[in-house]
Amino acid sequence: MINNNLYDRYQRQVILKGFGEQGQQKLMQAKVLVIGAGGLGCPALQYLAAAGVGTIGIADDDTVSLSNLHRQVLFGSEDIRLLKVDVAASKLQLSNPEVNIHSYPVRLQNTNALKIIAEYDIVIDGTDNFASRYMINDACVLLGKPLIYAAVSQYEGQLAIFNVDTDHGRSVNYRDLFPEPPANNEILNCVEAGVLGVLPGVIGTMQAAEAIKLITGIGKPSINQLLTYNILSHEIYTVNLLALDAGSQTAPKDEAAFMAMNYPEFCHNEKDVISEIDAEAFHLLRRKPSAIVIDVREHGELPLITTIENVQMPLSSFQEHIPGITQQTIILFCQHGIRSLHAAEMLHDTFGNSKDIYSLKGGVVKWLDELGVPSIRQNRSFIQ
Amino acid sequence: MQIKILVFGQLTDIFNSREIRLGVPADTNNLQAELHTLYPELADKKYLIAVDKQTISSNTTLTEGCTVALLPPLSGG
């Protein structure tokens with residue numbers, strides 16, 4: 001039985017037909033993880049805490065910025081530059097001291113997601129990029145956790161519940177909608193495309209509602225259905241989703257495959273996986289015991305770099321050299337930093353994210369220019 | 001003899017509309033080929049196809065009066 005104080009707090013929902021004290025007890029025992037404390041995550045968190053969901057996790061590595069405030073109404077001007085999870089946790093705790101809040105000030109990635117998600121009954125995806133969305137989806141599939149997905153852009157929002165068993169075969173997940181991620185820049189994010197501030201408020205609140213329905217067993221949660229809401233017309237278009245073979249083909253089959261996935265690369269965010277470094281980082285990294293410095297220029301190109309230890313693997317035959325590279329840290333350079341970037345992409349195709357790969361930005365020319373080496377400048381005429 | 005096509009997300013920028021009507025193509029493969037000719041930009045986009053509010057797992061026959069929805073992924077949060 002719930003004590004009087006709790007009953008008072010939740011009285012308006014406990015008296016609901018079909019909800020009752022039993023529904024409240026289920027909420028108090030439930031554990032919900034909200035990934036991304038942004039436009040979607042904030043309203044979801046606020047209503048989950050207010051409703052009395054017993055344990056709430058918040059994962060986000062970002063800080064509050066001014067441009068967040070038009071839609072992330074949990075935060076105020078005084079919170080700018082503070083960690084979102086810290087501000088959210090303290091405000092939610094004030095809103096309802098009865099719930100347990102766990103903060104994860106980290107970006108959820110395949111390396112840390114399974115451990116965190118395993119602690120929860122339900123996951124709410126409020127992230128803002130495809131790499132995170134595919135990663136969270138795959139983690140939830142592997143762990144068998146219900147996933148309440150939502151995404152917004154401009155005046156439109158999507159909502160669906162994945163990974164909940166029904167009587168009709170395999171549960172649907174995000175990869176059944178989109179087996180392959182869109183090409184880089186095919187879909188603009190909110191920074192580029194804009195979003196009406198109140199829209200994620202509506203959709204994030206719907207995510208909280210779906211979580212409450214799943215936990216308490218009331219109503220018909222949007223399982224295996226994609227709901228699209230247009231805030232300009234108030235139209236809701238609902239589509240029934242089928243599990244597709246193509247969806248399961250692109251997904252990692254087990255935990256080992258999941259851990260080996262490179263989600264930023266899978267989602268074509270090559271800039272995220274190939275680090276272009278400046279001369280300062282170049283010198284720090286090359287001193288690592290496991291490092292190899294590779295010159296990918298062709299034989300005979302000047303200036304020769306003799307002041308630091310390096311090996312030459314010309315880009316024209318680079319593919320042949322790749323199997324022989326055993327070092328963990330690989331630092332590539334060329335004349336202008338273009339061919340080394342190309343070589344870095346070739347290495348990523350082979351090694352995925354199992355090795356640390358760097359390319360010297362601007363190449364030898366920029367590096368030596370910064371050092372002010374006149375004799376090298378004279379050699380420019382020999383440089384292609 | 002027409003079908004209705006509902007367009008969502010940033011695909012509306014390609015169609016300049018949220019809804020168009022077309023003569024009835026035989027099936028969804030033919031529809032896609034026709035749309036990619038009419039709207040070449042659509043050809044390299046990822047989107048989900050639903051026929052009468054049901055996603056499809058293979059080429060699906062289209063009939064007069066049916067509604068096809070084209071739903072792209074959204075990423076914002």
# chains A, B, ... in the order shown; residues from 1 in each chain; ligands from 1
>>> select_by_dssp(residues="chain B", states="helix (DSSP H, G or I)", output="MDAnalysis selection string")
chainID B and resid 11:15 28:38 40:44
>>> write_last_selection(atoms="N, CA and C atoms", output="tab-separated table (two decimals), in the first residue's frame")
chain	number	residue	atom	x	y	z
B	11	LEU	N	11.41	15.72	-47.32
B	11	LEU	CA	11.04	15.33	-48.69
B	11	LEU	C	10.04	16.34	-49.27
B	12	THR	N	9.32	17.05	-48.40
B	12	THR	CA	8.35	18.05	-48.90
B	12	THR	C	9.08	19.15	-49.69
B	13	ASP	N	10.35	19.38	-49.37
B	13	ASP	CA	11.13	20.38	-50.13
B	13	ASP	C	11.33	19.93	-51.58
B	14	ILE	N	11.44	18.62	-51.78
B	14	ILE	CA	11.64	18.08	-53.13
B	14	ILE	C	10.32	18.14	-53.91
B	15	PHE	N	9.23	17.80	-53.24
B	15	PHE	CA	7.92	17.76	-53.92
B	15	PHE	C	7.25	19.14	-53.95
B	28	THR	N	4.64	-0.76	-56.30
B	28	THR	CA	5.49	0.24	-55.63
B	28	THR	C	6.83	0.42	-56.36
B	29	ASN	N	7.34	-0.63	-56.99
B	29	ASN	CA	8.58	-0.47	-57.76
B	29	ASN	C	8.38	0.51	-58.91
B	30	ASN	N	7.25	0.35	-59.62
B	30	ASN	CA	6.95	1.26	-60.73
B	30	ASN	C	6.73	2.68	-60.22
B	31	LEU	N	6.07	2.77	-59.07
B	31	LEU	CA	5.83	4.10	-58.49
B	31	LEU	C	7.16	4.79	-58.19
B	32	GLN	N	8.09	4.04	-57.57
B	32	GLN	CA	9.39	4.64	-57.23
B	32	GLN	C	10.13	5.09	-58.47
B	33	ALA	N	10.09	4.24	-59.52
B	33	ALA	CA	10.77	4.60	-60.77
B	33	ALA	C	10.18	5.89	-61.34
B	34	GLU	N	8.85	5.97	-61.30
B	34	GLU	CA	8.17	7.16	-61.83
B	34	GLU	C	8.52	8.41	-61.00
B	35	LEU	N	8.49	8.24	-59.69
B	35	LEU	CA	8.81	9.38	-58.81
B	35	LEU	C	10.25	9.84	-58.99
B	36	HIS	N	11.16	8.87	-59.17
B	36	HIS	CA	12.58	9.22	-59.32
B	36	HIS	C	12.83	9.94	-60.65
B	37	THR	N	11.96	9.68	-61.63
B	37	THR	CA	12.06	10.42	-62.89
B	37	THR	C	11.50	11.83	-62.72
B	38	LEU	N	10.34	11.90	-62.05
B	38	LEU	CA	9.71	13.22	-61.85
B	38	LEU	C	10.51	14.09	-60.89
B	40	PRO	N	14.15	13.82	-59.54
B	40	PRO	CA	15.45	13.12	-59.51
B	40	PRO	C	16.15	13.19	-58.15
B	41	GLU	N	15.92	14.26	-57.44
B	41	GLU	CA	16.56	14.41	-56.11
B	41	GLU	C	16.14	13.32	-55.13
B	42	LEU	N	14.97	12.76	-55.37
B	42	LEU	CA	14.43	11.74	-54.46
B	42	LEU	C	15.23	10.43	-54.55
B	43	ALA	N	15.86	10.22	-55.71
B	43	ALA	CA	16.46	8.91	-56.00
B	43	ALA	C	17.50	8.48	-54.98
B	44	ASP	N	18.28	9.44	-54.46
B	44	ASP	CA	19.34	9.02	-53.52
B	44	ASP	C	18.95	9.28	-52.06
>>> interface_residues(of="chain A", to="chain B", cutoff="9 Å", atoms="only C-alpha atoms", output="ChimeraX atom specification")
/A:36-41,125-130,133,150-158,177-178,180-183,186-191,193,195,200,204,228,237-246
>>> residues_around(residues="Gly23 (chain B)", least_positions_apart="2", cutoff="9 Å", atoms="only C-alpha atoms", output="list in words")
Met1, Gln2, Ile3, Arg21, Pro25 and Glu64 of chain B
>>> write_last_selection(atoms="N, CA and C atoms", output="mmCIF file, in the first residue's frame")
data_model
loop_
_atom_site.group_PDB
_atom_site.id
_atom_site.type_symbol
_atom_site.label_atom_id
_atom_site.label_comp_id
_atom_site.auth_asym_id
_atom_site.auth_seq_id
_atom_site.Cartn_x
_atom_site.Cartn_y
_atom_site.Cartn_z
ATOM 1 N N MET B 1 -8.743 7.624 -62.021
ATOM 2 C CA MET B 1 -7.852 6.513 -61.634
ATOM 3 C C MET B 1 -6.554 7.080 -61.065
ATOM 4 N N GLN B 2 -6.575 7.363 -59.786
ATOM 5 C CA GLN B 2 -5.400 7.988 -59.177
ATOM 6 C C GLN B 2 -5.068 7.365 -57.827
ATOM 7 N N ILE B 3 -3.822 7.599 -57.429
ATOM 8 C CA ILE B 3 -3.451 7.290 -56.051
ATOM 9 C C ILE B 3 -2.980 8.589 -55.395
ATOM 10 N N ARG B 21 -1.020 13.735 -56.359
ATOM 11 C CA ARG B 21 -1.791 12.620 -56.915
ATOM 12 C C ARG B 21 -1.156 12.177 -58.225
ATOM 13 N N PRO B 25 0.184 3.560 -60.698
ATOM 14 C CA PRO B 25 1.250 2.680 -61.191
ATOM 15 C C PRO B 25 0.903 1.236 -60.807
ATOM 16 N N GLU B 64 -6.407 1.673 -57.405
ATOM 17 C CA GLU B 64 -7.012 2.993 -57.419
ATOM 18 C C GLU B 64 -7.475 3.384 -56.009
#
>>> residues_around(residues="Thr205 (chain A)", least_positions_apart="4", cutoff="12 Å", atoms="only C-alpha atoms", output="MDAnalysis selection string")
chainID A and resid 39:51 124 126 148 150 157 159 198:201 209:212
>>> write_last_selection(atoms="C-alpha atoms", output="PDB file, in the first residue's frame")
ATOM      1  CA  GLY A  39      14.269  19.003 -26.444  1.00  0.00           C
ATOM      2  CA  LEU A  40      12.728  15.532 -26.184  1.00  0.00           C
ATOM      3  CA  GLY A  41      14.476  14.359 -23.046  1.00  0.00           C
ATOM      4  CA  CYS A  42      13.569  17.337 -20.829  1.00  0.00           C
ATOM      5  CA  PRO A  43       9.766  17.077 -21.049  1.00  0.00           C
ATOM      6  CA  ALA A  44       9.962  13.284 -20.906  1.00  0.00           C
ATOM      7  CA  LEU A  45      12.023  13.524 -17.711  1.00  0.00           C
ATOM      8  CA  GLN A  46       9.744  16.121 -16.145  1.00  0.00           C
ATOM      9  CA  TYR A  47       6.581  14.049 -16.594  1.00  0.00           C
ATOM     10  CA  LEU A  48       8.236  10.757 -15.648  1.00  0.00           C
ATOM     11  CA  ALA A  49       9.518  12.278 -12.410  1.00  0.00           C
ATOM     12  CA  ALA A  50       6.213  13.974 -11.654  1.00  0.00           C
ATOM     13  CA  ALA A  51       4.305  10.741 -12.308  1.00  0.00           C
ATOM     14  CA  ILE A 124      13.738   6.638 -24.123  1.00  0.00           C
ATOM     15  CA  GLY A 126      15.932  11.675 -27.082  1.00  0.00           C
ATOM     16  CA  ILE A 148      10.570   4.538 -27.023  1.00  0.00           C
ATOM     17  CA  ALA A 150      11.181   9.878 -31.109  1.00  0.00           C
ATOM     18  CA  GLY A 157       7.857  14.692 -35.065  1.00  0.00           C
ATOM     19  CA  LEU A 159       7.242   8.500 -32.308  1.00  0.00           C
ATOM     20  CA  VAL A 198       7.139  23.589 -28.545  1.00  0.00           C
ATOM     21  CA  LEU A 199       7.309  20.591 -30.944  1.00  0.00           C
ATOM     22  CA  PRO A 200       9.817  18.472 -28.970  1.00  0.00           C
ATOM     23  CA  GLY A 201       7.786  19.488 -25.907  1.00  0.00           C
ATOM     24  CA  ALA A 209       3.009   9.045 -21.835  1.00  0.00           C
ATOM     25  CA  GLU A 210       4.007   5.925 -23.796  1.00  0.00           C
ATOM     26  CA  ALA A 211       6.414   4.897 -21.013  1.00  0.00           C
ATOM     27  CA  ILE A 212       3.644   5.301 -18.419  1.00  0.00           C
TER      28      ILE A 212
END
